[in-house]
Amino acid sequence: VRRLNSLVGRAHASLYQTDTREWKGIRNFFVFEFPDVFRRRIYFFYAALAFMLLGAAVGYGIVAIDRHNINVLLPAGSQLHDSVQYWEKGDVVHQTQGGANAAMSAALMQNNITVSLVAFALGIAGGVFTFYSMFYNGAILGGMAALMTHVHQHKNFWPSILPHGVVELSETCFAGAAGLVLGWAVLMPGQLRRSDAIVGAARDSMKLILGGVALLIFAGLVEGFISHSMLPKPVKILFGISSGIALYSYLLLSGKNPVKAST
């Protein structure tokens with residue numbers, strides 16, 4: 001019992017230590033720590049991305065063979081399945097009041113944050129279920145893309161996906177990377193005790209998750225106010241591409257001289 005209490009205390013101190021200069025700590029986190037941990041753990045990001053792309057290829061293939069196979073990926077009764085008919089008709093742009101857009105954004109943020117936390121938490125099982133989560137999310141996207149090929153709606157699909165999708169799917173891979181970092185520590189603690197390896201991995205994983213939450217807030221606002229808006233399609237596509245360039249420029253180039261900041 002004493003050893004368990006000691007481990008819990010050490011984990012709590014490592015995970016939840018804070019900088020007394022709160023605003024400076026937040027600034028340092030986003031300027032230095034988040035991009036730094038992304039670069040240090042980038043191979044886990046590549047692994048998550050690879051499984052998502054593999055899932056997209058498989059999803060595209062099975063729906064390309066038979067459009068009704070979309071029901072395998074999106075079972076009847078699921079929220080995404082209910083929206084398929086709108087995508088098939090290309091009826092995905094609309095003009096709504098600001099309050100409705102705000103409510104949509106809040107719901108999307110909540111859903112996406114939940115998905116990210118689940119992908120991270122599943123890493124404790126050695127990363128197996130995190131890989132499955134990445135694969136399944138990719139399969140849904142690939143399946144929807146194949147369905148759009150059947151119904152000739154790519155011209156409406158991508159302008160309504162790219163504005164928020166580049167950042168949102170990137171964050172999904174960040175969450176996957178966070179889960180895989182945790183899973184790797186469980187399976188391969190190296191010369192550390194497994195408990196110590198997990199605590200160290202959890203610190204990096206939580207940084208990826210916390211930084212990702214900010215990105216999901218951005219993606220939710222974009223999806224609620226831009227992706228399905230009446231804006232011209234070229235503007236939406238340009239916005240999505242620009243957001244991706246800005247995100248990876250930030251992650252790969254900023255924070256070259258990390259300083260001690262909040263965790």
# chains A, B, ... in the order shown; residues from 1 in each chain; ligands from 1

$ select_by_dssp --residues "range 33-194 of chain A" --states "helix (DSSP H, G or I)" --output "JSON, numbers by chain"
{"A": [33, 34, 35, 36, 37, 38, 39, 40, 42, 43, 44, 45, 46, 47, 48, 49, 50, 51, 52, 53, 54, 55, 56, 57, 58, 59, 60, 61, 62, 63, 64, 65, 67, 68, 69, 70, 71, 72, 73, 79, 80, 81, 82, 83, 84, 85, 86, 87, 88, 89, 98, 99, 100, 101, 102, 103, 104, 105, 106, 107, 108, 109, 110, 111, 112, 113, 114, 115, 116, 117, 118, 119, 120, 121, 122, 123, 124, 125, 128, 129, 130, 131, 132, 133, 134, 135, 136, 137, 138, 139, 140, 141, 142, 143, 144, 145, 146, 147, 148, 149, 150, 151, 154, 155, 156, 157, 158, 159, 160, 161, 162, 163, 164, 165, 166, 167, 168, 169, 170, 171, 172, 173, 174, 175, 176, 177, 178, 179, 180, 181, 182, 183, 184, 185, 186, 187, 194]}

$ residues_around --residues "range 204-212 of chain A" --least-positions-apart "4" --cutoff "9 Å" --atoms "only C-alpha atoms" --output "list of chain:residue names"
A:Leu15, A:Phe29, A:Phe30, A:Glu33, A:Phe34, A:Pro35, A:Val37, A:Phe38, A:Arg41, A:Ile113, A:Ser116, A:Leu117, A:Phe120, A:Glu168, A:Ser170, A:Glu171, A:Thr172, A:Phe174, A:Ala175, A:Ala177, A:Ala178, A:Gly179, A:Leu180, A:Val181, A:Leu182, A:Gly200, A:Leu216, A:Ile217, A:Thr263

$ closest_residue --among "A:Ala57, A:Leu221, A:Leu247, A:Leu147" --to "Ile70 in chain A" --atoms "only C-alpha atoms"
A:Leu147

$ atom_distance --atom1 "CA of Ala64 in chain A" --atom2 "CA of Leu49 in chain A"
22.0 Å

$ closest_residue --among "A:His164, A:Arg193, A:Lys233, A:His68" --to "Ala146 in chain A" --atoms "only C-alpha atoms"
A:His68

$ closest_atom_pairs --of "range 185-249 of chain A" --to "range 121-135 of chain A" --cutoff "9 Å" --atoms "only C-alpha atoms" --output "Markdown table"
| residue | atom | partner | partner_atom | distance |
| --- | --- | --- | --- | --- |
| A:Ala185 | CA | A:Gly126 | CA | 8.1 |
| A:Val186 | CA | A:Gly126 | CA | 6.0 |
| A:Leu187 | CA | A:Gly126 | CA | 6.0 |
| A:Ile198 | CA | A:Ile124 | CA | 8.9 |

$ write_last_selection --atoms "N, CA, C and O atoms" --output "PDB file, in the first residue's frame"
ATOM      1  N   ALA A 185       5.468   2.671 -23.686  1.00  0.00           N
ATOM      2  CA  ALA A 185       6.053   2.635 -22.342  1.00  0.00           C
ATOM      3  C   ALA A 185       5.591   1.397 -21.575  1.00  0.00           C
ATOM      4  O   ALA A 185       6.349   0.836 -20.779  1.00  0.00           O
ATOM      5  N   VAL A 186       4.361   0.974 -21.836  1.00  0.00           N
ATOM      6  CA  VAL A 186       3.852  -0.238 -21.184  1.00  0.00           C
ATOM      7  C   VAL A 186       4.593  -1.470 -21.689  1.00  0.00           C
ATOM      8  O   VAL A 186       4.995  -2.340 -20.914  1.00  0.00           O
ATOM      9  N   LEU A 187       4.794  -1.536 -23.000  1.00  0.00           N
ATOM     10  CA  LEU A 187       5.401  -2.727 -23.600  1.00  0.00           C
ATOM     11  C   LEU A 187       6.919  -2.727 -23.524  1.00  0.00           C
ATOM     12  O   LEU A 187       7.539  -3.774 -23.342  1.00  0.00           O
ATOM     13  N   ILE A 198       5.928   4.708 -17.603  1.00  0.00           N
ATOM     14  CA  ILE A 198       4.552   5.144 -17.890  1.00  0.00           C
ATOM     15  C   ILE A 198       4.352   6.582 -17.453  1.00  0.00           C
ATOM     16  O   ILE A 198       3.722   7.381 -18.172  1.00  0.00           O
TER      17      ILE A 198
END

$ residues_around --residues "Phe239 in chain A" --least-positions-apart "3" --cutoff "12 Å" --atoms "only C-alpha atoms" --output "count of residues only"
26

$ atom_distance --atom1 "CA of Asp66 in chain A" --atom2 "CA of Asn137 in chain A"
19.5 Å

$ atom_distance --atom1 "CA of His228 in chain A" --atom2 "CA of Gly240 in chain A"
12.9 Å

$ residues_around --residues "Gln85 in chain A" --least-positions-apart "4" --cutoff "12 Å" --atoms "only C-alpha atoms" --output "ChimeraX atom specification"
/A:70,76,79-81,89-92,144,147-148,151,153

$ closest_residue --among "A:Trp87, A:Phe45, A:Asn69, A:Asp196" --to "Leu169 in chain A" --atoms "only C-alpha atoms"
A:Phe45

$ residues_around --residues "Leu252 in chain A" --least-positions-apart "2" --cutoff "9 Å" --atoms "only C-alpha atoms" --output "PyMOL selection string"
chain A and resi 35-36+38-39+247-250+254-256

$ write_last_selection --atoms "N, CA and C atoms" --output "short mmCIF file (atom, residue, chain, number, x, y, z; two decimals), in the first residue's frame"
data_model
loop_
_atom_site.label_atom_id
_atom_site.label_comp_id
_atom_site.auth_asym_id
_atom_site.auth_seq_id
_atom_site.Cartn_x
_atom_site.Cartn_y
_atom_site.Cartn_z
N PRO A 35 5.12 22.15 -29.44
CA PRO A 35 5.85 21.77 -30.66
C PRO A 35 7.09 20.92 -30.38
N ASP A 36 7.72 21.13 -29.23
CA ASP A 36 8.91 20.34 -28.90
C ASP A 36 8.55 18.87 -28.69
N PHE A 38 5.96 17.34 -29.86
CA PHE A 38 5.55 16.79 -31.15
C PHE A 38 6.75 16.31 -31.94
N ARG A 39 7.80 17.11 -31.98
CA ARG A 39 8.99 16.72 -32.75
C ARG A 39 9.70 15.53 -32.10
N LEU A 247 -0.24 25.14 -39.48
CA LEU A 247 -0.11 24.21 -38.34
C LEU A 247 1.24 23.52 -38.33
N TYR A 248 1.66 22.96 -39.47
CA TYR A 248 2.90 22.20 -39.47
C TYR A 248 4.13 23.10 -39.50
N SER A 249 3.99 24.31 -39.99
CA SER A 249 5.09 25.28 -39.86
C SER A 249 5.32 25.59 -38.39
N TYR A 250 4.22 25.79 -37.67
CA TYR A 250 4.30 26.05 -36.23
C TYR A 250 4.92 24.87 -35.49
N SER A 254 8.75 26.16 -34.64
CA SER A 254 8.74 27.01 -33.44
C SER A 254 9.30 26.24 -32.25
N GLY A 255 9.61 27.01 -31.19
CA GLY A 255 10.05 26.41 -29.94
C GLY A 255 11.36 25.69 -30.02
N LYS A 256 12.33 26.23 -30.76
CA LYS A 256 13.61 25.55 -30.92
C LYS A 256 14.45 25.60 -29.63
#

$ closest_residue --among "A:Val84, A:Leu192, A:Ala56, A:Ile26" --to "Ile140 in chain A" --atoms "only C-alpha atoms"
A:Ala56

$ closest_residue --among "A:Gly190, A:Cys173, A:Leu253, A:His152" --to "Leu215 in chain A" --atoms "only C-alpha atoms"
A:Cys173
